[in-house]
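Undergrad: My questions will all concern the structure given below.
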Amino acid sequence: MNLTLKVWRQKNGNAKGELKTYPVKDISPDMSFLEMFDVLNEELITKGDEPVAFDHDCREGICGMCSMYINGRPHGPLQGVTTCQLHMRSFKDGDTIVVEPWRAAAFPVIKDLTVDRTAFDRIIASGGYVSVNTGNAKDANNILIGKEEADEAFSAAACIGCGACVAACKNASAMLFVSAKVSQLALLPQGQVEAKTRVEKMVAQMDAEGFGSCTNTGACHAECPKEISLEHIARLNREYLGAKLSSNNVSI
Amino acid sequence: MSWITKTLSSSIGKKLIMGITGLFLCSFLIVHCGLNALIFANDHGELFNAGAEFMAHNIFIRTMEIVLFLGILLHIYQALMLTLQNKKARPVGYAVTNGNANSKWYSRSMGLLGTLLLIFLIIHLRHFWFVSRLTDEITSGQETLFGEMKEVFESPLWVVLYVLGNVSLAYHLMHGFQSGFQTLGLNHRKYTPIIQSIGFGFSIVIPFVFALMPLAIFFKFIQ
Ligand code: SF4
Ligand code: FES
């Protein structure tokens, strides 16, 4: 396949960026989108040009690094996949493909298509963990958990922290990510011990990072590679308001 | 900052205020629409005027009128704050976006629909509320509210504007009603589908009945 790529190029966080046009030739439909970028980068390097910087790691849909906003949608046209799982057969010969980085104040561009997503790490560090002693594996298994709760918690835990929810949201809101992280722990007895303080701290950190607020458009869920449900956002709202009313924290 | 102001100024707190005021305004729509529908009795506005008379003098209703104005103002103020804040959350936009692939246009256009509604509301208040509450035209018996309605809806311009106002209302409600419940965290596998259906019905029926009023008067189905 022959394609025309329009790729966001930006030297660094402070530089002004622009979309640059690159024709790519003889692309196999079986290539992944990232492999197509590898081909482009090989060409650029041979020509002595700067290759396009983009994030990637596992290339099998589990690390969440491959942030690319493709033709107006995070991770491209397919539902429930990451960019590394997107194949060129999803495009037509002769297509023009526009590739941009995630856009959010909380995700500043580092270079080209790579953005700084450490805001997510800081939200997790503010409370997205269990710090009470749950004993060793045997003790933990003595705590009975219903299959339904376990499944629900697992579906939340499937979030890979890619940030596509933020990229898709017109408000650059991180509610789907935060709700998944809050839910996965709030649903389980080991996590419930610290549930109130956790949700208060994580939401406070989310706001401090400068993410927008949720207007329930549902774009996040539609674009999430792990199809995290909007029910988690409702749970986050419930957990947060409940915690605010009943926790002993007066200063979070 | 106390924990209360902190809660209410958090992103979820602000949304809580949007949701509560929004759902409160929905309850007002039911009363307003129900009362106005009395014109369909087609009795030269007798029943409707009696209803309007009651609303104008009942102390509870008059108190709720103040609460209602406060509710609207709070809804508008909070919407403005949230919109500005959300704009700031994405200072550099995308060159290409395909929002229709992941969400409904009206769910992304609540600010625009709300602004149209505000413009409509100002005109609407000028037409009826202003005349009935701030002048003595009606209390002095020179004019009835029904008479006022007939006068306003003689003009095709106002009829079209009222119909368009209600189209905006329909789309605003179509997202707003169920969104309010989601924001309050009221989500349940059994009840959410019911809430969504009620919200859909509500957002069609109320604006439809409202829009019928100027049309019926303009085309003289109601005398
Ligand atoms: S919720 Fe979905 S889109 Fe958001 S970070 Fe997690 S996996 Fe990515
Ligand atoms: S590179 Fe790991 S999810 Fe795509």
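Simple scheme: letters A, B, ... for chains in structure tokens order, numbers from 1 for residues in each chain, numbers from 1 for ligands in the order shown.
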Distance table requested - chain A against ligand 1, cut-off 10 Å, only C-alpha atoms and all ligand atoms: one row per qualifying residue with the closest atom pair and its distance in Å to one decimal, ordered by chain and rising residue number, as CSV.

TA:
residue,atom,partner,partner_atom_place_in_ligand_line,distance
A:Gly61,CA,ligand 1,7 (S),9.8
A:Ile62,CA,ligand 1,7 (S),9.1
A:Cys63,CA,ligand 1,7 (S),9.5
A:Gly64,CA,ligand 1,8 (Fe),6.7
A:Met65,CA,ligand 1,8 (Fe),9.5
A:Ser67,CA,ligand 1,8 (Fe),9.5
A:Pro74,CA,ligand 1,3 (S),8.7
A:His75,CA,ligand 1,3 (S),9.6
A:Gly80,CA,ligand 1,2 (Fe),9.0
A:Val81,CA,ligand 1,7 (S),9.7
A:Thr82,CA,ligand 1,8 (Fe),8.8
A:Phe120,CA,ligand 1,5 (S),8.5
A:Ala156,CA,ligand 1,1 (S),8.1
A:Ala157,CA,ligand 1,6 (Fe),8.6
A:Ala158,CA,ligand 1,7 (S),6.8
A:Cys159,CA,ligand 1,7 (S),3.7
A:Ile160,CA,ligand 1,7 (S),4.4
A:Gly161,CA,ligand 1,5 (S),3.5
A:Cys162,CA,ligand 1,8 (Fe),3.9
A:Gly163,CA,ligand 1,5 (S),4.0
A:Ala164,CA,ligand 1,3 (S),4.0
A:Cys165,CA,ligand 1,3 (S),4.0
A:Val166,CA,ligand 1,4 (Fe),6.7
A:Ala167,CA,ligand 1,3 (S),8.3
A:Ala168,CA,ligand 1,3 (S),8.4
A:Cys169,CA,ligand 1,3 (S),10.0
A:Ser173,CA,ligand 1,4 (Fe),9.8
A:Ala174,CA,ligand 1,4 (Fe),7.2
A:Met175,CA,ligand 1,1 (S),8.1
A:Leu176,CA,ligand 1,1 (S),4.8
A:Phe177,CA,ligand 1,1 (S),4.0
A:Val178,CA,ligand 1,1 (S),7.6
A:Ser179,CA,ligand 1,1 (S),7.9
A:Ala180,CA,ligand 1,1 (S),6.2
A:Lys181,CA,ligand 1,6 (Fe),8.4
A:Ala219,CA,ligand 1,3 (S),9.7
A:Cys220,CA,ligand 1,3 (S),6.2
A:His221,CA,ligand 1,2 (Fe),6.9
A:Ala222,CA,ligand 1,3 (S),8.8
A:Glu223,CA,ligand 1,3 (S),6.5
A:Cys224,CA,ligand 1,3 (S),3.7
A:Pro225,CA,ligand 1,7 (S),5.6
A:Lys226,CA,ligand 1,7 (S),5.1
A:Glu227,CA,ligand 1,2 (Fe),6.2
A:Ile228,CA,ligand 1,2 (Fe),5.5
A:Ser229,CA,ligand 1,1 (S),8.4
A:Leu230,CA,ligand 1,1 (S),9.6
A:His232,CA,ligand 1,1 (S),9.6

Undergrad: Which residues are near Leu118 (chain B)? Cut-off 12 Å, only C-alpha atoms, ignore same chain within fewer than 3 positions. Put them as number ranges by chain.

TA: B: 72-73, 75-77, 79, 110-115, 121-125, 165-166, 168-169, 172

Undergrad: Keeping only N, CA and C atoms, take the residues you just selected and write them out as a PDB file, in the first residue's frame.

TA:
ATOM      1  N   ILE B  72     -31.227  28.510  38.413  1.00  0.00           N
ATOM      2  CA  ILE B  72     -30.809  28.788  37.033  1.00  0.00           C
ATOM      3  C   ILE B  72     -29.464  29.514  37.033  1.00  0.00           C
ATOM      4  N   LEU B  73     -29.361  30.526  37.905  1.00  0.00           N
ATOM      5  CA  LEU B  73     -28.112  31.305  37.953  1.00  0.00           C
ATOM      6  C   LEU B  73     -26.923  30.420  38.318  1.00  0.00           C
ATOM      7  N   HIS B  75     -26.674  27.181  37.912  1.00  0.00           N
ATOM      8  CA  HIS B  75     -26.442  26.261  36.795  1.00  0.00           C
ATOM      9  C   HIS B  75     -25.615  26.970  35.714  1.00  0.00           C
ATOM     10  N   ILE B  76     -25.969  28.211  35.427  1.00  0.00           N
ATOM     11  CA  ILE B  76     -25.260  28.969  34.387  1.00  0.00           C
ATOM     12  C   ILE B  76     -23.833  29.298  34.842  1.00  0.00           C
ATOM     13  N   TYR B  77     -23.727  29.776  36.078  1.00  0.00           N
ATOM     14  CA  TYR B  77     -22.411  30.164  36.595  1.00  0.00           C
ATOM     15  C   TYR B  77     -21.463  28.966  36.606  1.00  0.00           C
ATOM     16  N   ALA B  79     -21.681  26.216  34.906  1.00  0.00           N
ATOM     17  CA  ALA B  79     -21.412  25.766  33.541  1.00  0.00           C
ATOM     18  C   ALA B  79     -20.288  26.600  32.932  1.00  0.00           C
ATOM     19  N   MET B 110     -23.288  20.767  24.986  1.00  0.00           N
ATOM     20  CA  MET B 110     -24.183  21.240  26.037  1.00  0.00           C
ATOM     21  C   MET B 110     -24.004  22.738  26.277  1.00  0.00           C
ATOM     22  N   GLY B 111     -22.796  23.233  26.142  1.00  0.00           N
ATOM     23  CA  GLY B 111     -22.534  24.659  26.342  1.00  0.00           C
ATOM     24  C   GLY B 111     -23.248  25.490  25.280  1.00  0.00           C
ATOM     25  N   LEU B 112     -23.141  25.059  24.055  1.00  0.00           N
ATOM     26  CA  LEU B 112     -23.787  25.762  22.948  1.00  0.00           C
ATOM     27  C   LEU B 112     -25.309  25.712  23.106  1.00  0.00           C
ATOM     28  N   LEU B 113     -25.832  24.505  23.367  1.00  0.00           N
ATOM     29  CA  LEU B 113     -27.284  24.356  23.535  1.00  0.00           C
ATOM     30  C   LEU B 113     -27.767  25.192  24.717  1.00  0.00           C
ATOM     31  N   GLY B 114     -26.968  25.201  25.790  1.00  0.00           N
ATOM     32  CA  GLY B 114     -27.323  25.977  26.975  1.00  0.00           C
ATOM     33  C   GLY B 114     -27.336  27.465  26.670  1.00  0.00           C
ATOM     34  N   THR B 115     -26.386  27.934  25.854  1.00  0.00           N
ATOM     35  CA  THR B 115     -26.345  29.355  25.501  1.00  0.00           C
ATOM     36  C   THR B 115     -27.570  29.728  24.678  1.00  0.00           C
ATOM     37  N   LEU B 121     -34.453  32.034  26.906  1.00  0.00           N
ATOM     38  CA  LEU B 121     -35.033  32.284  28.224  1.00  0.00           C
ATOM     39  C   LEU B 121     -35.193  33.778  28.474  1.00  0.00           C
ATOM     40  N   ILE B 122     -34.196  34.557  28.061  1.00  0.00           N
ATOM     41  CA  ILE B 122     -34.271  36.003  28.272  1.00  0.00           C
ATOM     42  C   ILE B 122     -35.459  36.582  27.500  1.00  0.00           C
ATOM     43  N   ILE B 123     -35.608  36.157  26.244  1.00  0.00           N
ATOM     44  CA  ILE B 123     -36.728  36.645  25.429  1.00  0.00           C
ATOM     45  C   ILE B 123     -38.053  36.197  26.053  1.00  0.00           C
ATOM     46  N   HIS B 124     -38.071  34.941  26.489  1.00  0.00           N
ATOM     47  CA  HIS B 124     -39.279  34.360  27.066  1.00  0.00           C
ATOM     48  C   HIS B 124     -39.679  35.088  28.358  1.00  0.00           C
ATOM     49  N   LEU B 125     -38.695  35.383  29.190  1.00  0.00           N
ATOM     50  CA  LEU B 125     -38.989  36.084  30.443  1.00  0.00           C
ATOM     51  C   LEU B 125     -39.518  37.482  30.144  1.00  0.00           C
ATOM     52  N   GLY B 165     -36.251  27.213  20.251  1.00  0.00           N
ATOM     53  CA  GLY B 165     -35.852  27.173  21.662  1.00  0.00           C
ATOM     54  C   GLY B 165     -36.132  25.805  22.245  1.00  0.00           C
ATOM     55  N   ASN B 166     -37.267  25.241  21.864  1.00  0.00           N
ATOM     56  CA  ASN B 166     -37.637  23.930  22.399  1.00  0.00           C
ATOM     57  C   ASN B 166     -36.856  22.788  21.765  1.00  0.00           C
ATOM     58  N   SER B 168     -33.686  23.128  21.055  1.00  0.00           N
ATOM     59  CA  SER B 168     -32.466  23.176  21.886  1.00  0.00           C
ATOM     60  C   SER B 168     -32.717  22.507  23.223  1.00  0.00           C
ATOM     61  N   LEU B 169     -33.890  22.789  23.785  1.00  0.00           N
ATOM     62  CA  LEU B 169     -34.229  22.199  25.088  1.00  0.00           C
ATOM     63  C   LEU B 169     -34.241  20.672  24.987  1.00  0.00           C
ATOM     64  N   HIS B 172     -30.732  19.398  24.849  1.00  0.00           N
ATOM     65  CA  HIS B 172     -30.061  19.667  26.128  1.00  0.00           C
ATOM     66  C   HIS B 172     -30.503  18.635  27.168  1.00  0.00           C
TER      67      HIS B 172
END

Undergrad: Give the residues of chain A that lie within 8 Å of chain B; count only C-alpha atoms, and format the answer as a ChimeraX atom specification.

TA: /A:71-73,98,100,103-106,170-173,203-204,207,210-220,222-223,231,233-238,240-241,244,250-252

Undergrad: Quote the spacing between CA of Ala195 (chain A) and CA of Val130 (chain A) in Å to one decimal place.

TA: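 If I compute the distance from CA of Ala195 (chain A) to CA of Val130 (chain A), I get 9.1 Å.
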
Undergrad: Between B:Ser197, B:Ser203, B:Gln78, B:Gln223, which is the closest to Phe146 (chain B) once you count only C-alpha atoms?

TA: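 Of B:Ser197, B:Ser203, B:Gln78, B:Gln223, the one nearest Phe146 (chain B) is B:Gln223, counting only C-alpha atoms.
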
Undergrad: Run DSSP on the backbone and give me the residues of region 64-101 of chain A it puts in strand (DSSP E), as a list of chain:residue names.

TA: A:Tyr69, A:Ile70, A:Arg73, A:Pro74, A:Thr96, A:Ile97, A:Val98, A:Val99, A:Glu100

Undergrad: Write the residues you've just listed into a file as a short mmCIF file (atom, residue, chain, number, x, y, z; two decimals), in the first residue's frame, and include N, CA, C and O atoms for each of them.

TA:
data_model
loop_
_atom_site.label_atom_id
_atom_site.label_comp_id
_atom_site.auth_asym_id
_atom_site.auth_seq_id
_atom_site.Cartn_x
_atom_site.Cartn_y
_atom_site.Cartn_z
N TYR A 69 -2.74 9.64 18.14
CA TYR A 69 -4.08 10.12 17.83
C TYR A 69 -4.21 10.10 16.31
O TYR A 69 -3.63 10.91 15.61
N ILE A 70 -4.92 9.08 15.80
CA ILE A 70 -4.90 8.77 14.37
C ILE A 70 -6.21 9.15 13.70
O ILE A 70 -7.27 8.64 14.09
N ARG A 73 -8.88 10.09 16.15
CA ARG A 73 -9.28 9.16 17.22
C ARG A 73 -8.05 8.55 17.88
O ARG A 73 -7.12 8.13 17.20
N PRO A 74 -8.07 8.45 19.23
CA PRO A 74 -6.95 7.80 19.89
C PRO A 74 -6.86 6.33 19.47
O PRO A 74 -7.88 5.64 19.42
N THR A 96 -4.82 9.17 3.28
CA THR A 96 -4.00 10.14 4.02
C THR A 96 -4.30 9.93 5.49
O THR A 96 -5.46 9.88 5.89
N ILE A 97 -3.25 9.76 6.29
CA ILE A 97 -3.46 9.49 7.71
C ILE A 97 -2.79 10.59 8.53
O ILE A 97 -1.60 10.86 8.37
N VAL A 98 -3.58 11.23 9.39
CA VAL A 98 -3.05 12.31 10.24
C VAL A 98 -2.74 11.73 11.62
O VAL A 98 -3.60 11.11 12.24
N VAL A 99 -1.52 11.90 12.07
CA VAL A 99 -1.11 11.34 13.36
C VAL A 99 -0.63 12.47 14.28
O VAL A 99 0.30 13.19 13.96
N GLU A 100 -1.32 12.59 15.43
CA GLU A 100 -0.99 13.65 16.38
C GLU A 100 -0.73 13.04 17.76
O GLU A 100 -1.14 11.93 18.03
#

Undergrad: For Glu18 (chain A), please output as a PDB file with N, CA, C and O atoms, in the first residue's frame all residues within 12 Å (counting only C-alpha atoms; exclusion window: fewer than 2 positions along the same chain).

TA:
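result12.pdb, written as the output of this step:
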ATOM      1  N   LYS A   6       0.555  12.450   7.618  1.00  0.00           N
ATOM      2  CA  LYS A   6       0.778  13.810   8.122  1.00  0.00           C
ATOM      3  C   LYS A   6       1.051  13.648   9.598  1.00  0.00           C
ATOM      4  O   LYS A   6       0.166  13.265  10.359  1.00  0.00           O
ATOM      5  N   VAL A   7       2.285  13.890   9.969  1.00  0.00           N
ATOM      6  CA  VAL A   7       2.720  13.573  11.329  1.00  0.00           C
ATOM      7  C   VAL A   7       3.119  14.846  12.076  1.00  0.00           C
ATOM      8  O   VAL A   7       3.772  15.723  11.511  1.00  0.00           O
ATOM      9  N   TRP A   8       2.702  14.938  13.327  1.00  0.00           N
ATOM     10  CA  TRP A   8       3.066  16.085  14.161  1.00  0.00           C
ATOM     11  C   TRP A   8       4.553  16.017  14.514  1.00  0.00           C
ATOM     12  O   TRP A   8       5.001  15.040  15.110  1.00  0.00           O
ATOM     13  N   ARG A   9       5.305  17.022  14.113  1.00  0.00           N
ATOM     14  CA  ARG A   9       6.725  17.086  14.461  1.00  0.00           C
ATOM     15  C   ARG A   9       6.936  18.279  15.378  1.00  0.00           C
ATOM     16  O   ARG A   9       6.522  19.389  15.090  1.00  0.00           O
ATOM     17  N   GLN A  10       7.614  18.029  16.477  1.00  0.00           N
ATOM     18  CA  GLN A  10       7.891  19.094  17.451  1.00  0.00           C
ATOM     19  C   GLN A  10       9.193  18.735  18.157  1.00  0.00           C
ATOM     20  O   GLN A  10       9.295  17.668  18.749  1.00  0.00           O
ATOM     21  N   LYS A  11      10.156  19.631  18.054  1.00  0.00           N
ATOM     22  CA  LYS A  11      11.508  19.351  18.558  1.00  0.00           C
ATOM     23  C   LYS A  11      11.536  19.042  20.040  1.00  0.00           C
ATOM     24  O   LYS A  11      12.164  18.090  20.485  1.00  0.00           O
ATOM     25  N   ASN A  12      10.844  19.876  20.823  1.00  0.00           N
ATOM     26  CA  ASN A  12      10.781  19.657  22.263  1.00  0.00           C
ATOM     27  C   ASN A  12       9.554  20.370  22.816  1.00  0.00           C
ATOM     28  O   ASN A  12       8.799  20.982  22.056  1.00  0.00           O
ATOM     29  N   ALA A  15       9.293  24.070  21.788  1.00  0.00           N
ATOM     30  CA  ALA A  15       9.311  24.439  20.369  1.00  0.00           C
ATOM     31  C   ALA A  15       7.899  24.467  19.806  1.00  0.00           C
ATOM     32  O   ALA A  15       6.983  23.854  20.348  1.00  0.00           O
ATOM     33  N   LYS A  16       7.749  25.201  18.690  1.00  0.00           N
ATOM     34  CA  LYS A  16       6.459  25.198  18.011  1.00  0.00           C
ATOM     35  C   LYS A  16       6.427  23.998  17.072  1.00  0.00           C
ATOM     36  O   LYS A  16       7.404  23.756  16.356  1.00  0.00           O
ATOM     37  N   LYS A  20       3.853  17.536   9.424  1.00  0.00           N
ATOM     38  CA  LYS A  20       4.706  17.377   8.240  1.00  0.00           C
ATOM     39  C   LYS A  20       4.187  16.208   7.419  1.00  0.00           C
ATOM     40  O   LYS A  20       3.744  15.202   7.971  1.00  0.00           O
ATOM     41  N   THR A  21       4.262  16.349   6.099  1.00  0.00           N
ATOM     42  CA  THR A  21       3.734  15.314   5.218  1.00  0.00           C
ATOM     43  C   THR A  21       4.842  14.372   4.765  1.00  0.00           C
ATOM     44  O   THR A  21       5.914  14.812   4.350  1.00  0.00           O
ATOM     45  N   VAL A  98      -3.579  11.233   9.392  1.00  0.00           N
ATOM     46  CA  VAL A  98      -3.048  12.307  10.235  1.00  0.00           C
ATOM     47  C   VAL A  98      -2.745  11.727  11.618  1.00  0.00           C
ATOM     48  O   VAL A  98      -3.601  11.115  12.238  1.00  0.00           O
ATOM     49  N   VAL A  99      -1.515  11.896  12.067  1.00  0.00           N
ATOM     50  CA  VAL A  99      -1.114  11.339  13.359  1.00  0.00           C
ATOM     51  C   VAL A  99      -0.634  12.469  14.281  1.00  0.00           C
ATOM     52  O   VAL A  99       0.303  13.190  13.960  1.00  0.00           O
ATOM     53  N   GLU A 100      -1.315  12.588  15.425  1.00  0.00           N
ATOM     54  CA  GLU A 100      -0.993  13.652  16.383  1.00  0.00           C
ATOM     55  C   GLU A 100      -0.729  13.044  17.758  1.00  0.00           C
ATOM     56  O   GLU A 100      -1.143  11.929  18.033  1.00  0.00           O
ATOM     57  N   PRO A 101      -0.061  13.797  18.614  1.00  0.00           N
ATOM     58  CA  PRO A 101       0.129  13.303  19.990  1.00  0.00           C
ATOM     59  C   PRO A 101      -1.152  13.488  20.806  1.00  0.00           C
ATOM     60  O   PRO A 101      -2.056  14.190  20.373  1.00  0.00           O
ATOM     61  N   LYS A 111       8.393  15.306  22.737  1.00  0.00           N
ATOM     62  CA  LYS A 111       8.950  15.432  21.399  1.00  0.00           C
ATOM     63  C   LYS A 111       8.024  14.707  20.425  1.00  0.00           C
ATOM     64  O   LYS A 111       7.541  13.612  20.750  1.00  0.00           O
ATOM     65  N   ASP A 112       7.778  15.301  19.267  1.00  0.00           N
ATOM     66  CA  ASP A 112       6.908  14.707  18.242  1.00  0.00           C
ATOM     67  C   ASP A 112       5.623  14.109  18.845  1.00  0.00           C
ATOM     68  O   ASP A 112       4.765  14.832  19.314  1.00  0.00           O
ATOM     69  N   LEU A 113       5.548  12.764  18.833  1.00  0.00           N
ATOM     70  CA  LEU A 113       4.325  12.103  19.288  1.00  0.00           C
ATOM     71  C   LEU A 113       4.410  11.619  20.732  1.00  0.00           C
ATOM     72  O   LEU A 113       3.459  11.010  21.245  1.00  0.00           O
TER      73      LEU A 113
ATOM     74  N   VAL B  92      -3.817  23.198  23.506  1.00  0.00           N
ATOM     75  CA  VAL B  92      -3.542  23.008  22.080  1.00  0.00           C
ATOM     76  C   VAL B  92      -4.513  21.954  21.562  1.00  0.00           C
ATOM     77  O   VAL B  92      -4.552  20.841  22.085  1.00  0.00           O
ATOM     78  N   TYR B  94      -6.573  19.528  18.549  1.00  0.00           N
ATOM     79  CA  TYR B  94      -6.174  18.603  17.491  1.00  0.00           C
ATOM     80  C   TYR B  94      -6.413  19.235  16.120  1.00  0.00           C
ATOM     81  O   TYR B  94      -7.310  20.068  15.965  1.00  0.00           O
ATOM     82  N   ALA B  95      -5.635  18.816  15.145  1.00  0.00           N
ATOM     83  CA  ALA B  95      -5.871  19.270  13.768  1.00  0.00           C
ATOM     84  C   ALA B  95      -7.095  18.552  13.210  1.00  0.00           C
ATOM     85  O   ALA B  95      -7.897  19.121  12.485  1.00  0.00           O
TER      86      ALA B  95
END

Undergrad: With only C-alpha atoms and all ligand atoms as the atoms that count, which of A:Gly17, A:Thr114, A:Val24, A:Leu86 lies nearest to ligand 2?

TA: A:Leu86

Undergrad: Please provide as a PyMOL selection string all residues within 12 Å of Glu149 (chain A), with the sequence filter that same-chain residues fewer than 5 positions apart are discarded (counting only C-alpha atoms).

TA: chain A and resi 144+154-156+183-189

Undergrad: Any chance you could list, as number ranges by chain, the residues in region 3-249 of chain A that come up alpha helix (DSSP H) when DSSP is run on the backbone?

TA: A: 33-46, 118-125, 137-141, 147-157, 164-168, 175-186, 189-192, 195-208, 219-223, 231-246

Undergrad: Using only C-alpha atoms and all ligand atoms, which of the listed residues (A:Cys84, A:Val199, A:Ala140, A:Met31) sits closest to ligand 2?

TA: A:Cys84

Undergrad: CA of Ala170 (chain B) to CA of Ala41 (chain B): how many Å, to one decimal?

TA: 24.5 Å

Undergrad: Just the residues within 10 Å of Val163 (chain B), please, counting only C-alpha atoms, with nothing from its chain fewer than 2 positions along; format it as a VMD selection string.

TA: chain B and resid 158 to 161 165 to 169 207 to 208 210 to 215

Undergrad: What does the distance from CA of Leu44 (chain A) to CA of Gly94 (chain A) come to in Å, to one decimal?

TA: 20.3 Å
